[in-house]
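Engineer: Take a look at the following structure, please.
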Amino acid sequence: MEVVWMSGESYRALLRARSWSRHLREKGFTWDQIAEVLALTHEVSPLRLYRLAHGRTGADVAALVNDADPAGTAALRDSRLYDYEGWPETGRRPPARLLAVLAEIYETTARSLLSEAVVTSYEAADRVLLDDADFRHLDVNRPTPPDWDSRVTAKTDADRTSVGRTAVDAASCMRLLRAIDVEEADVKRRELLFELALAFGGSRALDLMRILTLEEKERLAGVLRNTWRTDEATVRTFEKMTLNARQADDVSGPAKLLPVIRGQRVAVGKLLARESIAPTLRDRLLDTYTQLSQLAGFLTYDLRDYAAAERPLHDGLRSALELGDPTLIAYMHYWLGRVAADQHRIASVVDHAFAVRSWAARSPSKLLAPLHETLFSLACAVEGNTAASARAHESALVSAGAPKENEREFLYWVSPTVVKSRRTALLVRLNQPGQVIKTAEHQLAEIDPKFKRRRGMMLTRYARALAQAKEIPEAAAKLTEAAHLTRQHSSARLTDEMNQARARLEPWTNTTYVRQLDETLRSCGLTPAGPGIRA
């Protein structure tokens, strides 16, 4: 706790609070929210918390109070301010009139500067003054009430959220601070973790931080503060983080990872806009930004928010075109095609498939061929063209098995096993449950258990086909296994597939097998039936 004079420890605490406050303000926190966060680690009065939130010394605040009183009747000294901040344990009770002035300086309410117990100690007239002193409207980070005569559109809403403020609130900060206390004993390293985690999505970014060395963390923090230039090591660190995030998606899914990817993407975008970087390093950083845009789009797509998914994908396509990398351009078109397919926009799927083929012809990658053939196969399946879909799928399977050398890391998942698993999705679209049953069991054996989304999708399609064949016990068993995977992976597409498969079992709801399945679904936080939403 701070004492009356500004001791060395008190000044260090002020500097830490000032640093935290700066990062939280950049995330859109109000002064009230920052004071709430600081209260988790500073056992001091609310009056002192707000001064720390603003990063000001007692002398700074005293000068502002005196400037607010041109007549000079206030004549507040910093030592007296410290007395007021120590109340009621020490010092003296601050006058209500002074609290009103401090509320304006701190852009909050006078009542926020006092505990409830202290408020009751004031006379009735003073309490009226305290109640009336509300200056929260001065806080530029305070949300404005909605104006129903001037509603925001989807575009303006998107523009508002594009400034790079990740979804970190006071409760998230509380979780982050507690997690950091467990993660790191050293005070300085805690501060470093707090700063980086805020930049990269909150407590969920701590897993990402574990793969970095202390030197890499310090370099990243310096670059983000604009006190360290972006060098080759910085770019390499961002590349390392991006590859790790891709692999993390296979395990946990979009819910935990998306805020981290958005934070990382915003950070890289700021560096590209802020600095003059050597051309080679800038190209590598732009490549990373493009990959992060694709990953953000894919994760959003996996949450079934298709309109929101297309924004980062189109942004990634623009940056890939700026970079002039045919492999990245083709890859962005592939995922735009996948999003279009789930919205049944067949013409758009075909357009993106042709674009993939065109750019693949200019790329050294051999893994782009199965991607454009898979898109063609998908478009044909949606149109009901069984023969054309099968031909395109077989062609994709052959090209996926070709020898591969020097391929890009983000194409690591393209393999014959993945292409085979896509066949069941096509057969479901073509309404051929018999063929799904014939192929699904064999394909399940080939899927690595770590790919939880892929295995869950295969199980739900298998269950759907079994239900159509009236093999109810087997269908319920497959869906039960898939339900347990949803506890480990947050794919909304997987949840939606599960609900579609469960809907096929509706005529057998009162059987023992389906009742037990429904109990499992409820225990996993899923609805036994419905439009693919969690309970």
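Identifiers in the structure tokens: chain A, B, ... in order shown; residue index from 1 per chain; ligand index from 1 in order shown.
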So which residues touch Ala296 in chain A within 9 Å, counting only C-alpha atoms, skipping near sequence neighbours fewer than 4 positions away, as a list in words?

Structural biologist: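 The contact residues come out as Pro254, Leu258, Pro259, Ile261, Arg262, Arg265, Gln291, Leu292, Thr300, Tyr301, Ala309, Pro312 and Leu313 of chain A.
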
Engineer: What's the 9 Å shell around Arg97 in chain A, counting only C-alpha atoms, without same-chain residues fewer than 4 positions away, as number ranges by chain?

Structural biologist: A: 101-102, 126, 129-130

Engineer: Quick one, how far is CA of Phe298 in chain A from CA of Tyr331 in chain A?

Structural biologist: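 Computing it gives 11.5 Å between the two atoms.
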
Engineer: Which residue, A:Thr509, A:Asn385, A:Ser319, A:Gln264, has the smallest gap to Thr290 in chain A when you use only C-alpha atoms?

Structural biologist: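 Residue with the minimum atom-to-atom distance to Thr290 in chain A: A:Ser319.
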
Engineer: Using 9 Å as the limit and counting only C-alpha atoms, can you tabulate each residue of range 175-276 of chain A that touches range 13-28 of chain A, with its shortest atom-to-atom distance in Å and the two atoms involved, as CSV?

Structural biologist:
residue,atom,partner,partner_atom,distance
A:Glu191,CA,A:Arg16,CA,7.6
A:Phe194,CA,A:Trp20,CA,8.0
A:Glu195,CA,A:His23,CA,6.9
A:Leu198,CA,A:His23,CA,7.2
A:Ala199,CA,A:His23,CA,7.9

Engineer: Restricting the output to C-alpha atoms, write the selected residues as a PDB file, in the first residue's frame.

Structural biologist:
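Once everything was written out, this is result_10.pdb:
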ATOM      1  CA  GLU A 191       3.687  -7.459 -16.037  1.00  0.00           C
ATOM      2  CA  PHE A 194      -0.246  -9.096 -18.730  1.00  0.00           C
ATOM      3  CA  GLU A 195       0.783  -6.657 -21.453  1.00  0.00           C
ATOM      4  CA  LEU A 198      -4.022  -8.078 -23.399  1.00  0.00           C
ATOM      5  CA  ALA A 199      -2.624  -7.453 -26.873  1.00  0.00           C
TER       6      ALA A 199
END

Engineer: Do a neighbour search on Glu89 in chain A at 10 Å with only C-alpha atoms, toss out local chain neighbours closer than 5 positions, and write the hits as a list in words.

Structural biologist: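 Residues meeting the cut-off are Val44, Ser45 and Asp83 of chain A.
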
Engineer: With only C-alpha atoms as the counted atoms, please give the residues lying no more than 10 Å from Leu206 in chain A, apart from itself and same-chain residues fewer than 2 positions off, as a PyMOL selection string.

Structural biologist: chain A and resi 176+179-180+183+193-194+196-198+200-204+208-211+260

Engineer: With N, CA, C and O atoms kept, could you save the residues just selected as a compact mmCIF listing (two decimals), in the first residue's frame?

Structural biologist:
# COMPACT_ATOMS: atom_id res chain seq x y z
N LEU A 176 -7.56 -13.18 -16.17
CA LEU A 176 -6.20 -13.08 -16.66
C LEU A 176 -5.21 -12.87 -15.51
O LEU A 176 -4.18 -13.55 -15.44
N ALA A 179 -4.82 -16.03 -13.56
CA ALA A 179 -4.05 -17.03 -14.31
C ALA A 179 -2.57 -16.69 -14.33
O ALA A 179 -1.71 -17.57 -14.21
N ILE A 180 -2.26 -15.40 -14.44
CA ILE A 180 -0.86 -14.98 -14.46
C ILE A 180 -0.21 -15.23 -13.10
O ILE A 180 0.97 -15.61 -13.02
N GLU A 183 0.72 -18.68 -13.23
CA GLU A 183 1.67 -18.95 -14.30
C GLU A 183 3.08 -18.46 -13.98
O GLU A 183 4.06 -19.12 -14.33
N LEU A 193 3.68 -10.56 -19.15
CA LEU A 193 2.61 -11.46 -19.58
C LEU A 193 1.27 -10.72 -19.69
O LEU A 193 0.49 -10.95 -20.62
N PHE A 194 1.00 -9.86 -18.72
CA PHE A 194 -0.25 -9.10 -18.73
C PHE A 194 -0.33 -8.23 -19.99
O PHE A 194 -1.36 -8.20 -20.68
N LEU A 196 1.28 -8.55 -22.90
CA LEU A 196 1.18 -9.34 -24.14
C LEU A 196 -0.18 -10.03 -24.25
O LEU A 196 -0.77 -10.09 -25.33
N ALA A 197 -0.66 -10.57 -23.12
CA ALA A 197 -1.95 -11.27 -23.16
C ALA A 197 -3.08 -10.31 -23.53
O ALA A 197 -4.00 -10.66 -24.26
N LEU A 198 -3.02 -9.07 -23.02
CA LEU A 198 -4.02 -8.08 -23.40
C LEU A 198 -3.98 -7.80 -24.90
O LEU A 198 -5.02 -7.65 -25.55
N PHE A 200 -3.01 -9.83 -27.19
CA PHE A 200 -3.32 -11.01 -28.00
C PHE A 200 -4.55 -11.78 -27.52
O PHE A 200 -4.64 -12.99 -27.72
N GLY A 201 -5.52 -11.10 -26.89
CA GLY A 201 -6.79 -11.76 -26.65
C GLY A 201 -7.11 -12.15 -25.23
O GLY A 201 -8.06 -12.90 -25.01
N GLY A 202 -6.38 -11.70 -24.22
CA GLY A 202 -6.73 -11.99 -22.84
C GLY A 202 -6.13 -13.29 -22.33
O GLY A 202 -5.09 -13.76 -22.82
N SER A 203 -6.79 -13.90 -21.35
CA SER A 203 -6.23 -15.08 -20.68
C SER A 203 -6.04 -16.25 -21.64
O SER A 203 -5.18 -17.10 -21.43
N ARG A 204 -6.84 -16.28 -22.72
CA ARG A 204 -6.70 -17.37 -23.68
C ARG A 204 -5.38 -17.30 -24.44
O ARG A 204 -4.96 -18.28 -25.05
N LEU A 208 -0.59 -19.41 -25.85
CA LEU A 208 0.29 -18.99 -26.94
C LEU A 208 1.60 -18.46 -26.41
O LEU A 208 2.67 -18.70 -26.99
N MET A 209 1.56 -17.77 -25.28
CA MET A 209 2.77 -17.20 -24.71
C MET A 209 3.76 -18.27 -24.24
O MET A 209 4.96 -18.05 -24.19
N ARG A 210 3.24 -19.47 -23.91
CA ARG A 210 4.12 -20.52 -23.39
C ARG A 210 5.12 -21.01 -24.42
O ARG A 210 6.15 -21.58 -24.05
N ILE A 211 4.82 -20.85 -25.68
CA ILE A 211 5.75 -21.34 -26.72
C ILE A 211 6.89 -20.35 -26.96
O ILE A 211 7.83 -20.66 -27.70
N VAL A 260 -7.61 -14.70 -29.80
CA VAL A 260 -6.15 -14.65 -29.88
C VAL A 260 -5.71 -14.32 -31.30
O VAL A 260 -4.82 -13.48 -31.51

Engineer: Restricting the calculation to only C-alpha atoms: of A:Ala483, A:Ala425, A:Ala205, A:Leu52, which residue gets closest to Val382 in chain A?

Structural biologist: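 Residue with the minimum atom-to-atom distance to Val382 in chain A: A:Ala425.
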
Engineer: Please provide as number ranges by chain all residues within 12 Å of Phe238 in chain A, with the sequence filter that same-chain residues fewer than 5 positions apart are discarded (counting only C-alpha atoms).

Structural biologist: A: 200, 208-209, 211-212, 216-217, 219-220, 223, 230-233, 243-245, 261, 263-265, 267-269, 271, 281, 284-289, 291-292

Engineer: Rounded to one decimal, what separation in Å do you get between CA of Leu427 in chain A and CA of Arg246 in chain A?

Structural biologist: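 Between these atoms lies a distance of 27.9 Å.
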
Engineer: When you draw a straight line from CA of Trp413 in chain A to CA of Leu336 in chain A, how long is it in Å?

Structural biologist: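 Separation of CA of Trp413 in chain A and CA of Leu336 in chain A: 17.5 Å.
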
Engineer: List every residue of range 60-289 of chain A that DSSP, applied to the backbone, labels as alpha helix (DSSP H), and write the result as a PyMOL selection string.

Structural biologist: chain A and resi 60-67+78-86+96-106+116-119+124-132+154-160+170-183+187-199+206-209+214-224+232-252+254-274+279-289

Engineer: Pick from A:Ala353, A:Lys366, A:Arg311, A:Gly58: nearest to Thr327 in chain A, with only C-alpha atoms counted?

Structural biologist: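 Closest to Thr327 in chain A, using only C-alpha atoms: A:Lys366.
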